[in-house]
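work_10.csv (CSV, C-alpha atoms) appears below.
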```csv
chain,number,residue,atom,x,y,z
A,348,MET,CA,112.3,122.6,114.6
A,349,LYS,CA,114.5,122.3,111.5
A,350,LYS,CA,115.4,118.8,112.5
A,351,PHE,CA,111.7,117.9,112.8
A,352,ASP,CA,111.0,119.4,109.4
A,353,ARG,CA,113.8,117.3,107.9
A,354,ALA,CA,112.4,114.2,109.5
A,355,MET,CA,109.0,114.9,108.1
A,356,GLN,CA,110.5,115.5,104.6
A,357,ILE,CA,112.2,112.0,104.8
A,358,LEU,CA,108.9,110.4,105.9
A,359,LEU,CA,106.8,112.1,103.2
A,360,ALA,CA,109.4,111.3,100.5
A,361,GLY,CA,109.5,107.7,101.6
A,362,PHE,CA,105.6,107.5,101.5
A,363,CYS,CA,105.5,108.9,98.0
A,364,ILE,CA,108.3,106.7,96.7
A,365,ASN,CA,106.3,103.6,97.9
A,366,LEU,CA,103.3,105.0,96.1
A,367,CYS,CA,105.3,104.8,92.9
A,368,MET,CA,106.9,101.4,93.6
A,369,GLY,CA,103.6,99.7,94.5
A,370,ILE,CA,103.2,98.9,90.7
A,371,LEU,CA,103.1,95.2,91.7
A,372,TYR,CA,99.5,95.8,92.9
A,373,ALA,CA,98.5,96.7,89.3
A,374,TRP,CA,99.6,93.4,87.8
A,375,SER,CA,96.1,91.9,87.8
A,376,VAL,CA,95.2,94.7,85.3
A,377,PHE,CA,98.3,94.0,83.1
A,378,LYS,CA,97.6,90.2,83.3
A,379,LYS,CA,94.1,90.7,82.0
A,380,ALA,CA,95.3,92.7,79.1
A,381,LEU,CA,98.1,90.2,78.3
A,382,VAL,CA,95.5,87.4,78.2
A,383,VAL,CA,92.6,89.2,76.5
A,384,ASP,CA,94.5,91.6,74.1
A,385,LEU,CA,97.6,89.6,73.4
A,386,GLY,CA,96.3,86.1,73.7
A,387,TRP,CA,98.7,84.9,76.4
A,388,SER,CA,97.8,82.0,78.6
A,389,ASN,CA,97.0,82.7,82.3
A,390,ALA,CA,100.1,80.8,83.3
A,391,ASP,CA,102.4,82.9,81.0
A,392,ALA,CA,100.7,86.1,82.1
A,393,SER,CA,101.3,85.2,85.8
A,394,LEU,CA,104.9,84.3,85.5
A,395,PRO,CA,106.4,87.8,85.4
A,396,TYR,CA,104.5,88.7,88.6
A,397,THR,CA,105.6,85.5,90.4
A,398,VAL,CA,109.2,86.1,89.5
A,399,ALA,CA,108.9,89.8,90.6
A,400,ILE,CA,107.7,88.7,94.0
A,401,ILE,CA,110.6,86.2,94.4
A,402,THR,CA,113.1,88.7,93.2
A,403,PHE,CA,111.6,91.4,95.4
A,404,SER,CA,112.1,89.4,98.6
A,405,LEU,CA,115.6,88.2,97.7
A,406,SER,CA,116.9,91.6,96.6
A,407,LEU,CA,115.5,93.2,99.7
A,408,LEU,CA,118.0,91.1,101.7
A,409,VAL,CA,120.9,92.2,99.5
A,410,ALA,CA,119.8,95.8,99.5
A,411,GLY,CA,119.4,95.7,103.3
A,412,ILE,CA,123.0,94.7,103.7
A,413,LEU,CA,124.2,97.3,101.3
A,414,GLN,CA,122.3,100.2,102.8
A,415,ASP,CA,123.6,99.3,106.3
A,416,ARG,CA,127.1,99.7,104.9
A,417,MET,CA,126.8,102.6,102.5
A,418,GLY,CA,123.7,104.5,103.5
A,419,PRO,CA,120.2,104.5,101.8
A,420,ARG,CA,120.6,107.2,99.1
A,421,ARG,CA,122.7,105.4,96.5
A,422,VAL,CA,120.9,102.1,97.0
A,423,LEU,CA,117.5,103.8,96.8
A,424,ILE,CA,118.4,105.8,93.7
A,425,LEU,CA,119.6,102.6,92.0
A,426,GLY,CA,116.3,100.9,93.0
A,427,THR,CA,114.0,103.6,91.7
A,428,VAL,CA,116.0,103.7,88.4
A,429,MET,CA,115.7,100.0,88.1
A,430,VAL,CA,112.0,100.1,88.6
A,431,GLY,CA,111.5,102.9,86.0
A,432,LEU,CA,113.9,101.3,83.4
A,433,GLY,CA,112.3,97.9,84.0
A,434,MET,CA,108.9,99.3,83.2
A,435,ILE,CA,110.2,101.2,80.1
A,436,ILE,CA,112.0,98.1,78.7
A,437,SER,CA,108.9,96.0,79.4
A,438,SER,CA,107.1,98.1,76.8
A,439,PHE,CA,109.2,96.4,74.2
A,440,ALA,CA,108.7,92.8,75.5
A,441,THR,CA,106.8,90.6,73.2
A,442,THR,CA,107.2,87.2,74.9
A,443,PRO,CA,106.7,85.9,78.4
A,444,MET,CA,110.5,85.3,78.8
A,445,LEU,CA,111.3,88.8,77.9
A,446,LEU,CA,108.7,90.2,80.3
A,447,ILE,CA,110.1,87.9,83.0
A,448,VAL,CA,113.5,89.5,82.6
A,449,THR,CA,112.3,93.1,82.3
A,450,PHE,CA,109.5,93.2,84.8
A,451,GLY,CA,110.1,90.1,86.9
A,452,ILE,CA,113.8,90.5,87.5
A,453,LEU,CA,114.7,94.2,86.7
A,454,THR,CA,111.6,95.8,88.2
A,455,GLY,CA,111.2,93.3,91.0
A,456,SER,CA,114.9,93.8,92.0
A,457,GLY,CA,114.4,97.6,91.9
A,458,ILE,CA,111.3,97.4,94.2
A,459,GLY,CA,113.3,95.3,96.7
A,460,PHE,CA,116.3,97.8,96.6
A,461,GLY,CA,113.9,100.7,97.1
A,462,TYR,CA,111.7,99.2,99.8
A,463,ALA,CA,114.7,98.1,101.9
A,464,CYS,CA,116.0,101.7,102.4
A,465,LEU,CA,112.9,103.7,103.3
A,466,SER,CA,112.0,102.4,106.8
A,467,PRO,CA,115.5,102.3,108.3
A,468,SER,CA,116.3,105.8,107.2
A,469,ALA,CA,112.9,107.2,108.4
A,470,MET,CA,113.1,105.5,111.8
A,471,LYS,CA,116.6,107.0,112.5
A,472,TRP,CA,115.1,110.5,112.1
A,473,PHE,CA,112.3,110.0,114.6
A,474,HIS,CA,112.3,109.2,118.3
A,475,PRO,CA,112.3,105.4,119.1
A,476,SER,CA,108.8,105.7,120.6
A,477,LYS,CA,107.5,106.5,117.0
A,478,LYS,CA,108.9,103.5,115.3
A,479,GLY,CA,105.5,101.9,114.8
A,480,LEU,CA,103.9,105.0,113.4
A,481,VAL,CA,106.8,105.7,111.0
A,482,ASN,CA,106.8,102.1,109.7
A,483,GLY,CA,103.0,102.2,109.3
A,484,LEU,CA,103.0,105.3,107.3
A,485,ILE,CA,105.9,104.2,105.0
A,486,ALA,CA,104.2,100.8,104.5
A,487,ALA,CA,100.9,102.5,103.8
A,488,GLY,CA,102.3,104.2,100.8
A,489,PHE,CA,103.0,100.8,99.2
A,490,GLY,CA,99.6,99.4,100.1
A,491,LEU,CA,97.7,102.6,98.9
A,492,ALA,CA,99.3,102.3,95.4
A,493,ALA,CA,96.6,99.8,94.5
A,494,VAL,CA,93.9,102.3,95.0
A,495,TYR,CA,95.1,104.6,92.2
A,496,LEU,CA,97.4,102.4,90.1
A,497,ALA,CA,94.8,99.8,89.2
A,498,PRO,CA,92.3,102.2,87.7
A,499,LEU,CA,95.0,104.4,86.2
A,500,THR,CA,96.7,101.4,84.5
A,501,SER,CA,93.3,100.1,83.3
A,502,PHE,CA,92.6,103.6,81.8
A,503,LEU,CA,96.0,103.8,80.1
A,504,ILE,CA,95.6,100.3,78.6
A,505,ASN,CA,92.2,101.1,77.2
A,506,GLU,CA,93.5,104.4,75.7
A,507,VAL,CA,97.0,103.6,74.4
A,508,GLY,CA,97.5,99.8,74.8
A,509,ILE,CA,99.6,97.7,77.2
A,510,ASN,CA,103.0,98.4,75.7
A,511,THR,CA,102.7,102.2,75.8
A,512,SER,CA,101.2,101.9,79.4
A,513,PHE,CA,104.4,100.2,80.6
A,514,LEU,CA,106.4,103.0,78.9
A,515,ILE,CA,104.3,105.9,80.5
A,516,LEU,CA,104.4,104.4,84.0
A,517,GLY,CA,108.1,103.7,83.7
A,518,ILE,CA,108.8,107.3,82.7
A,519,ALA,CA,106.6,108.5,85.6
A,520,VAL,CA,108.6,106.5,88.1
A,521,LEU,CA,111.9,108.1,86.8
A,522,ILE,CA,110.4,111.6,86.9
A,523,ILE,CA,108.8,111.3,90.4
A,524,ALA,CA,110.6,108.6,92.4
A,525,VAL,CA,114.2,109.2,91.4
A,526,PRO,CA,114.4,112.9,92.5
A,527,LEU,CA,112.6,112.0,95.8
A,528,ALA,CA,115.2,109.2,96.3
A,529,CYS,CA,118.0,111.8,96.0
A,530,ASN,CA,116.6,113.5,99.2
A,531,ILE,CA,116.7,110.4,101.4
A,532,ASN,CA,119.6,110.0,103.7
A,533,ASN,CA,120.5,109.0,107.3
A,534,PRO,CA,120.8,111.7,110.0
A,535,PRO,CA,124.2,113.2,110.6
A,536,ALA,CA,126.5,111.8,113.3
A,537,GLY,CA,125.4,112.8,116.8
A,538,TYR,CA,121.8,113.5,115.7
A,539,THR,CA,119.2,113.3,118.5
A,540,PRO,CA,115.6,112.9,117.5
A,541,GLU,CA,113.1,115.3,118.9
A,542,VAL,CA,111.4,113.9,122.1
A,543,PRO,CA,107.6,113.8,121.7
A,544,ALA,CA,105.6,115.9,124.0
A,545,GLY,CA,104.4,114.0,127.1
A,546,TYR,CA,107.0,111.2,126.6
A,547,ASP,CA,107.7,109.4,129.8
A,548,ALA,CA,111.1,107.7,129.6
A,549,ASN,CA,110.4,105.7,132.7
A,550,ASN,CA,107.5,103.8,131.0
A,551,LYS,CA,109.2,103.3,127.6
A,552,SER,CA,111.9,101.1,126.4
A,553,GLY,CA,114.9,102.9,124.9
A,554,ASN,CA,117.0,101.8,121.9
A,555,ALA,CA,118.0,98.2,121.7
A,556,ALA,CA,121.7,97.3,121.5
A,557,ASP,CA,122.7,96.7,117.9
A,558,LEU,CA,123.0,93.1,117.0
A,559,ASN,CA,124.0,91.8,113.5
A,560,TRP,CA,122.1,89.1,111.6
A,561,ARG,CA,124.4,86.3,112.9
A,562,SER,CA,123.7,87.2,116.5
A,563,MET,CA,120.0,87.6,115.6
A,564,LEU,CA,119.9,84.0,114.3
A,565,LYS,CA,121.2,82.8,117.7
A,566,THR,CA,118.0,84.0,119.5
A,567,PRO,CA,114.9,81.8,119.6
A,568,GLN,CA,112.8,84.9,119.2
A,569,PHE,CA,113.9,85.3,115.6
A,570,TYR,CA,112.5,81.8,114.6
A,571,SER,CA,109.3,82.6,116.4
A,572,LEU,CA,108.9,85.9,114.5
A,573,TRP,CA,109.8,84.1,111.3
A,574,VAL,CA,107.1,81.5,111.7
A,575,MET,CA,104.5,84.1,112.8
A,576,TYR,CA,105.3,86.3,109.8
A,577,ALA,CA,105.2,83.4,107.3
A,578,PHE,CA,102.0,81.8,108.6
A,579,ALA,CA,100.0,85.1,109.0
A,580,SER,CA,101.2,86.5,105.6
A,581,ALA,CA,100.3,83.3,103.9
A,582,SER,CA,96.8,83.6,105.2
A,583,GLY,CA,96.4,87.2,104.2
A,584,LEU,CA,97.9,86.6,100.7
A,585,MET,CA,95.5,83.7,100.2
A,586,ILE,CA,92.6,86.0,100.6
A,587,ILE,CA,94.1,88.9,98.7
A,588,GLY,CA,95.1,86.7,95.7
A,589,ASN,CA,91.7,85.0,95.5
A,590,ILE,CA,89.1,87.4,96.8
A,591,THR,CA,87.3,87.8,93.4
A,592,SER,CA,87.3,84.0,92.8
A,593,ILE,CA,86.0,83.5,96.3
A,594,ALA,CA,83.2,85.9,95.7
A,595,ALA,CA,82.3,84.1,92.4
A,596,THR,CA,82.4,80.7,94.1
A,597,GLN,CA,80.6,81.4,97.4
A,598,ALA,CA,78.3,84.3,96.4
A,599,ASN,CA,77.9,84.0,92.6
A,600,ILE,CA,79.3,87.6,92.3
A,601,ALA,CA,80.7,87.9,88.8
A,602,ASP,CA,82.4,91.2,89.2
A,603,ALA,CA,83.9,91.7,92.6
A,604,ALA,CA,86.6,94.2,91.8
A,605,TYR,CA,85.3,96.5,94.5
A,606,LEU,CA,86.5,93.9,97.1
A,607,VAL,CA,90.1,94.4,95.8
A,608,VAL,CA,89.7,98.1,96.5
A,609,ILE,CA,88.2,97.4,100.0
A,610,LEU,CA,91.2,95.1,100.7
A,611,ALA,CA,93.7,97.8,99.5
A,612,ILE,CA,92.1,100.6,101.6
A,613,PHE,CA,91.9,98.5,104.8
A,614,ASN,CA,95.3,97.0,104.2
A,615,SER,CA,96.8,100.5,104.1
A,616,GLY,CA,94.7,101.8,107.0
A,617,GLY,CA,95.6,98.8,109.0
A,618,ARG,CA,99.3,99.6,108.6
A,619,VAL,CA,99.0,103.0,110.0
A,620,ALA,CA,96.6,102.0,112.8
A,621,ALA,CA,98.7,99.0,113.8
A,622,GLY,CA,101.8,101.2,113.8
A,623,ILE,CA,100.3,103.7,116.2
A,624,LEU,CA,98.9,100.9,118.4
A,625,SER,CA,102.3,99.1,118.6
A,626,ASP,CA,103.9,102.3,119.8
A,627,LYS,CA,101.4,102.3,122.7
A,628,ILE,CA,101.1,98.7,123.7
A,629,GLY,CA,104.1,97.0,122.0
A,630,GLY,CA,104.6,95.1,118.8
A,631,ILE,CA,104.0,91.6,120.1
A,632,LYS,CA,100.7,92.5,121.7
A,633,THR,CA,99.6,94.2,118.6
A,634,LEU,CA,100.4,91.1,116.5
A,635,MET,CA,98.5,89.0,119.0
A,636,ILE,CA,95.3,91.0,118.5
A,637,ALA,CA,95.8,90.9,114.7
A,638,PHE,CA,96.3,87.1,114.7
A,639,ILE,CA,93.2,86.4,116.8
A,640,MET,CA,91.2,88.7,114.6
A,641,GLN,CA,92.5,87.0,111.5
A,642,ALA,CA,91.9,83.5,112.9
A,643,ILE,CA,88.3,84.3,113.7
A,644,ASN,CA,87.8,85.8,110.3
A,645,MET,CA,89.3,82.8,108.6
A,646,VAL,CA,87.1,80.3,110.6
A,647,MET,CA,84.0,82.2,109.5
A,648,PHE,CA,85.0,83.0,105.9
A,649,ALA,CA,83.3,80.0,104.4
A,650,THR,CA,79.9,81.4,105.7
A,651,PHE,CA,80.4,84.7,103.9
A,652,LYS,CA,77.9,84.4,101.0
A,653,SER,CA,76.7,88.0,100.4
A,654,ASP,CA,78.1,91.3,99.4
A,655,PHE,CA,77.9,92.6,103.0
A,656,THR,CA,79.7,89.7,104.7
A,657,LEU,CA,82.4,89.5,102.0
A,658,ILE,CA,83.1,93.2,102.4
A,659,ILE,CA,83.5,92.7,106.2
A,660,GLY,CA,85.7,89.7,105.6
A,661,ALA,CA,87.8,91.5,103.1
A,662,ALA,CA,88.2,94.5,105.4
A,663,VAL,CA,89.3,92.4,108.4
A,664,ALA,CA,91.7,90.4,106.2
A,665,GLY,CA,93.1,93.7,104.9
A,666,ILE,CA,93.6,95.1,108.4
A,667,GLY,CA,95.2,91.8,109.6
A,668,TYR,CA,97.6,91.6,106.7
A,669,GLY,CA,98.5,95.3,106.8
A,670,THR,CA,99.4,95.0,110.5
A,671,LEU,CA,102.2,92.6,109.6
A,672,LEU,CA,103.9,95.0,107.2
A,673,ALA,CA,103.9,97.8,109.8
A,674,VAL,CA,104.7,95.9,113.0
A,675,PHE,CA,107.3,93.3,112.1
A,676,PRO,CA,109.8,96.0,110.9
A,677,SER,CA,109.3,97.9,114.3
A,678,ILE,CA,109.8,94.7,116.2
A,679,ILE,CA,113.1,93.9,114.4
A,680,ALA,CA,114.3,97.5,115.3
A,681,ASP,CA,113.1,97.1,118.8
A,682,PHE,CA,114.6,93.7,119.4
A,683,TYR,CA,117.9,94.0,117.5
A,684,GLY,CA,118.6,97.8,117.1
A,685,LEU,CA,118.8,100.1,114.1
A,686,LYS,CA,122.4,99.8,113.0
A,687,ASN,CA,122.0,96.5,111.2
A,688,TYR,CA,118.3,96.8,110.6
A,689,GLY,CA,118.5,96.5,106.8
A,690,ALA,CA,120.2,93.1,106.9
A,691,ASN,CA,118.2,91.9,109.9
A,692,TYR,CA,114.8,92.7,108.4
A,693,GLY,CA,116.0,91.3,105.1
A,694,VAL,CA,116.6,88.0,106.7
A,695,LEU,CA,113.2,88.0,108.4
A,696,TYR,CA,111.5,89.1,105.2
A,697,THR,CA,112.3,85.7,103.7
A,698,ALA,CA,109.3,84.6,105.7
A,699,TRP,CA,107.1,86.8,103.5
A,700,GLY,CA,108.7,85.3,100.4
A,701,VAL,CA,107.9,81.8,101.6
A,702,SER,CA,104.3,82.9,102.4
A,703,GLY,CA,103.9,84.0,98.8
A,704,PHE,CA,104.2,80.3,97.9
A,705,ILE,CA,102.1,78.9,100.8
A,706,GLY,CA,99.0,81.0,100.3
A,707,PRO,CA,98.5,80.4,96.5
A,708,VAL,CA,99.4,76.7,96.8
A,709,VAL,CA,96.9,76.1,99.6
A,710,ALA,CA,94.2,77.9,97.7
A,711,ALA,CA,94.9,76.2,94.4
A,712,PHE,CA,95.0,72.7,96.1
A,713,ALA,CA,91.7,73.3,97.9
A,714,VAL,CA,89.8,74.4,94.8
A,715,ASP,CA,91.3,71.8,92.5
A,716,THR,CA,90.5,68.9,94.9
A,717,THR,CA,87.2,70.0,96.5
A,718,GLY,CA,85.8,72.8,94.3
A,719,THR,CA,85.7,75.2,97.3
A,720,TYR,CA,88.0,77.2,99.5
A,721,THR,CA,86.9,75.6,102.7
A,722,LEU,CA,90.0,73.5,103.1
A,723,ALA,CA,92.2,76.6,102.5
A,724,TYR,CA,90.3,78.4,105.3
A,725,THR,CA,90.9,75.5,107.6
A,726,VAL,CA,94.7,75.3,106.9
A,727,CYS,CA,95.0,79.1,107.3
A,728,SER,CA,93.0,78.9,110.6
A,729,ILE,CA,95.5,76.3,111.9
A,730,MET,CA,98.5,78.4,110.9
A,731,LEU,CA,97.0,81.5,112.5
A,732,GLY,CA,96.3,79.5,115.7
A,733,ILE,CA,100.0,78.6,115.8
A,734,ALA,CA,100.8,82.3,115.4
A,735,VAL,CA,98.5,83.2,118.3
A,736,VAL,CA,100.3,80.7,120.5
A,737,LEU,CA,103.7,82.0,119.5
A,738,SER,CA,102.7,85.6,120.2
A,739,PHE,CA,101.8,84.6,123.7
A,740,VAL,CA,105.2,83.0,124.4
A,741,THR,CA,107.5,85.4,122.5
A,742,LYS,CA,109.3,87.9,124.8
A,743,LYS,CA,111.5,90.8,123.9
A,744,VAL,CA,115.2,90.0,123.2
A,745,ASP,CA,117.6,91.2,125.9
A,746,SER,CA,119.9,92.6,123.2
A,747,VAL,CA,122.0,94.6,125.7
A,748,ALA,CA,122.9,91.4,127.6
A,749,LEU,CA,123.6,89.6,124.3
A,750,ALA,CA,125.8,92.3,123.0
A,751,ALA,CA,127.7,92.4,126.3
A,752,LYS,CA,128.2,88.7,126.2
A,753,ALA,CA,129.5,88.8,122.6
A,754,THR,CA,131.9,91.6,123.6
A,755,ASN,CA,133.3,89.6,126.5
A,756,ALA,CA,133.5,86.3,124.6
```

Go through the file and emit its structure as structure tokens.
Amino acid sequence: MKKFDRAMQILLAGFCINLCMGILYAWSVFKKALVVDLGWSNADASLPYTVAIITFSLSLLVAGILQDRMGPRRVLILGTVMVGLGMIISSFATTPMLLIVTFGILTGSGIGFGYACLSPSAMKWFHPSKKGLVNGLIAAGFGLAAVYLAPLTSFLINEVGINTSFLILGIAVLIIAVPLACNINNPPAGYTPEVPAGYDANNKSGNAADLNWRSMLKTPQFYSLWVMYAFASASGLMIIGNITSIAATQANIADAAYLVVILAIFNSGGRVAAGILSDKIGGIKTLMIAFIMQAINMVMFATFKSDFTLIIGAAVAGIGYGTLLAVFPSIIADFYGLKNYGANYGVLYTAWGVSGFIGPVVAAFAVDTTGTYTLAYTVCSIMLGIAVVLSFVTKKVDSVALAAKATNA
């Protein structure tokens, strides 16, 4: 029972740390204040966030390699300290370049370092049949951050200004996230996770053989996963990043902030639900369902011209996007093992970094050339169609055979 209690402590701590590190989701509030209160241009106010996204995806790869070698605790403590200090120092930034360095690089790197450590550590404490649920809950913390951070940040800015808001939030991260990070570690040698009640070993796949990222790159499944991740994420991010503009363009809704909250809630809920489903039917089948659902939603999105239809569209988009963040980590662990998970998932996560360019570029091009988002919906529908096809043909890696072949080579 003590082992299970420790596993639950790790899971809860990881969830709460992600609630703190989801500060990226509050950037739209900071951006508005930078433009309205400080007179920055939209481009200047967007740059720190853009740099943070890029730094996040790149640092996650570096942090994944480090945590595989030295364990999660020290890397995670470093990450949470960087997030807190980055926010605190951002309170003194007076120019876009300074904010790019303090928030974009320092905070962005910290988020990547922190995010890279939570799932691999938590998965090692639980039975392999719970990988999806564990990943879903850890990822849900990051997604749920938007639900409370956006209104909290807006309140702070109205009360004490943007600079002091950065300072307060940074101090809060140091006070809350850093102590939690000190409690995260890998299980001791020889640790055996508790077997769930009713678990049938004959109908479940066990642990995969541990392959490193070099061996992973030699499997065709990796490239299929990479394309699916990039295309589906780009489609989700296109909606997430433009939902208020879409509402204004298609339905003449001036204030559609509620759609952002809808997206955040269903994004987080989708992560947990998809994690549970992937444990039952497998990760690839879960992705297939999500891709089909996303593709249908994208084909129909141009017809959503009312509050009700946009809420439905935002909810479906949130679930579809949330599924990716819960299921792809589980698939990497399932296909290539847990020993080198940090580095392996870091390599795959570059697909998400690329998607952060594809989605906004497609949306901007569509609006600038046609005045509507219809072309963006079409491009995203095609990308999701390709993802659906790949989900049909992608089979689980026989990592045991590959590991044996590498040993005998």

- [ ] Return the single residue from A:Tyr538, A:Phe578, A:Trp387, A:Phe377 that is closest to Gly703 in chain A, with distances computed using only C-alpha atoms.
- [x] A:Phe578

Open item on the list: List as a PyMOL selection string the protein and nucleic acid residues near Asn389 in chain A, meaning an atom at most 8 Å away when only C-alpha atoms are counted, but skip any in the same chain fewer than 4 places from it.
Closed with: chain A and resi 378+382+393

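Distance annotation: of A:Asn532, A:Ser512, A:Thr402, A:Ser501, the residue with the minimal separation from Leu358 in chain A is A:Asn532; atom set is all atoms listed in the file.
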
Would you give me, as CSV, each residue of range 492-579 of chain A having an atom within 7 Å of an atom of range 436-441 of chain A, along with its shortest atom pair and that distance in Å to one decimal, using only C-alpha atoms and sorting by chain and residue number?
```
residue,atom,partner,partner_atom,distance
A:Asn510,CA,A:Ser438,CA,4.3
A:Thr511,CA,A:Ser438,CA,6.1
A:Phe513,CA,A:Ser438,CA,5.1
A:Leu514,CA,A:Ser438,CA,5.4
```

Keeping only C-alpha atoms, write those residues as a CSV table (one decimal), keeping the file's coordinate frame.
```
chain,number,residue,atom,x,y,z
A,510,ASN,CA,103.0,98.4,75.7
A,511,THR,CA,102.7,102.2,75.8
A,513,PHE,CA,104.4,100.2,80.6
A,514,LEU,CA,106.4,103.0,78.9
```

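Picture a line from CA of Gly479 in chain A to CA of Phe675 in chain A; it runs 9.2 Å.
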
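Here the question is which of A:Gly418, A:Gly583, A:Gly665, A:Gly630 gets nearest to Tyr724 in chain A using only C-alpha atoms, and that residue is A:Gly583.
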
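Minimum atom-to-atom distance to Asp745 in chain A, evaluated using all atoms listed in the file, belongs to A:Leu558 out of A:Ile523, A:Leu558, A:Ile659, A:Leu432.
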
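Among the candidates A:Pro535, A:Pro707, A:Gly369, A:Gly461, the one nearest to Tyr495 in chain A when counting all atoms listed in the file is A:Gly369.
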
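Distances here use only C-alpha atoms; by that measure, the residue among A:Thr725, A:Ser456, A:Ser615, A:Gln597 closest to Phe489 in chain A is A:Ser615.
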
TODO: Record the distance separating CA of Met368 in chain A and CA of Val520 in chain A, expressed in Å with one decimal.
DONE: 7.7 Å

Task: Long-range neighbours of Leu413 in chain A as a PyMOL selection string, 10 Å cut-off, only C-alpha atoms, 2 positions minimum in chain - done: chain A and resi 407-411+415-419+421-422+460+463-464+689-690

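We find CA of Pro395 in chain A and CA of Ile458 in chain A to be spaced 13.9 Å apart.
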
Open item on the list: Taking (123.8, 94.5, 111.7) as a centre in this file's frame and 10 Å as the limit, can you find every polymer residue with an atom that close, using all atoms listed in the file, and give them as number ranges by chain?
Closed with: A: 411-412, 415-416, 557-563, 683-692

Open item on the list: Is it possible to get the residues within 10 Å of (117.3, 104.0, 93.4) (coordinates as in the file, counting only C-alpha atoms) written as a list in words?
Closed with: Ile364, Pro419, Arg420, Arg421, Val422, Leu423, Ile424, Leu425, Gly426, Thr427, Val428, Met429, Val430, Gly431, Gly457, Ile458, Phe460, Gly461, Tyr462, Cys464, Leu521, Ala524, Val525, Pro526, Leu527, Ala528 and Cys529 of chain A

Can those selected residues be exported to a file as a PDB file, keeping the file's coordinate frame so that it contains C-alpha atoms?
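Dumped everything to result33.pdb:
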```pdb
ATOM      1  CA  ILE A 364     108.300 106.700  96.700  1.00  0.00           C
ATOM      2  CA  PRO A 419     120.200 104.500 101.800  1.00  0.00           C
ATOM      3  CA  ARG A 420     120.600 107.200  99.100  1.00  0.00           C
ATOM      4  CA  ARG A 421     122.700 105.400  96.500  1.00  0.00           C
ATOM      5  CA  VAL A 422     120.900 102.100  97.000  1.00  0.00           C
ATOM      6  CA  LEU A 423     117.500 103.800  96.800  1.00  0.00           C
ATOM      7  CA  ILE A 424     118.400 105.800  93.700  1.00  0.00           C
ATOM      8  CA  LEU A 425     119.600 102.600  92.000  1.00  0.00           C
ATOM      9  CA  GLY A 426     116.300 100.900  93.000  1.00  0.00           C
ATOM     10  CA  THR A 427     114.000 103.600  91.700  1.00  0.00           C
ATOM     11  CA  VAL A 428     116.000 103.700  88.400  1.00  0.00           C
ATOM     12  CA  MET A 429     115.700 100.000  88.100  1.00  0.00           C
ATOM     13  CA  VAL A 430     112.000 100.100  88.600  1.00  0.00           C
ATOM     14  CA  GLY A 431     111.500 102.900  86.000  1.00  0.00           C
ATOM     15  CA  GLY A 457     114.400  97.600  91.900  1.00  0.00           C
ATOM     16  CA  ILE A 458     111.300  97.400  94.200  1.00  0.00           C
ATOM     17  CA  PHE A 460     116.300  97.800  96.600  1.00  0.00           C
ATOM     18  CA  GLY A 461     113.900 100.700  97.100  1.00  0.00           C
ATOM     19  CA  TYR A 462     111.700  99.200  99.800  1.00  0.00           C
ATOM     20  CA  CYS A 464     116.000 101.700 102.400  1.00  0.00           C
ATOM     21  CA  LEU A 521     111.900 108.100  86.800  1.00  0.00           C
ATOM     22  CA  ALA A 524     110.600 108.600  92.400  1.00  0.00           C
ATOM     23  CA  VAL A 525     114.200 109.200  91.400  1.00  0.00           C
ATOM     24  CA  PRO A 526     114.400 112.900  92.500  1.00  0.00           C
ATOM     25  CA  LEU A 527     112.600 112.000  95.800  1.00  0.00           C
ATOM     26  CA  ALA A 528     115.200 109.200  96.300  1.00  0.00           C
ATOM     27  CA  CYS A 529     118.000 111.800  96.000  1.00  0.00           C
TER      28      CYS A 529
END
```
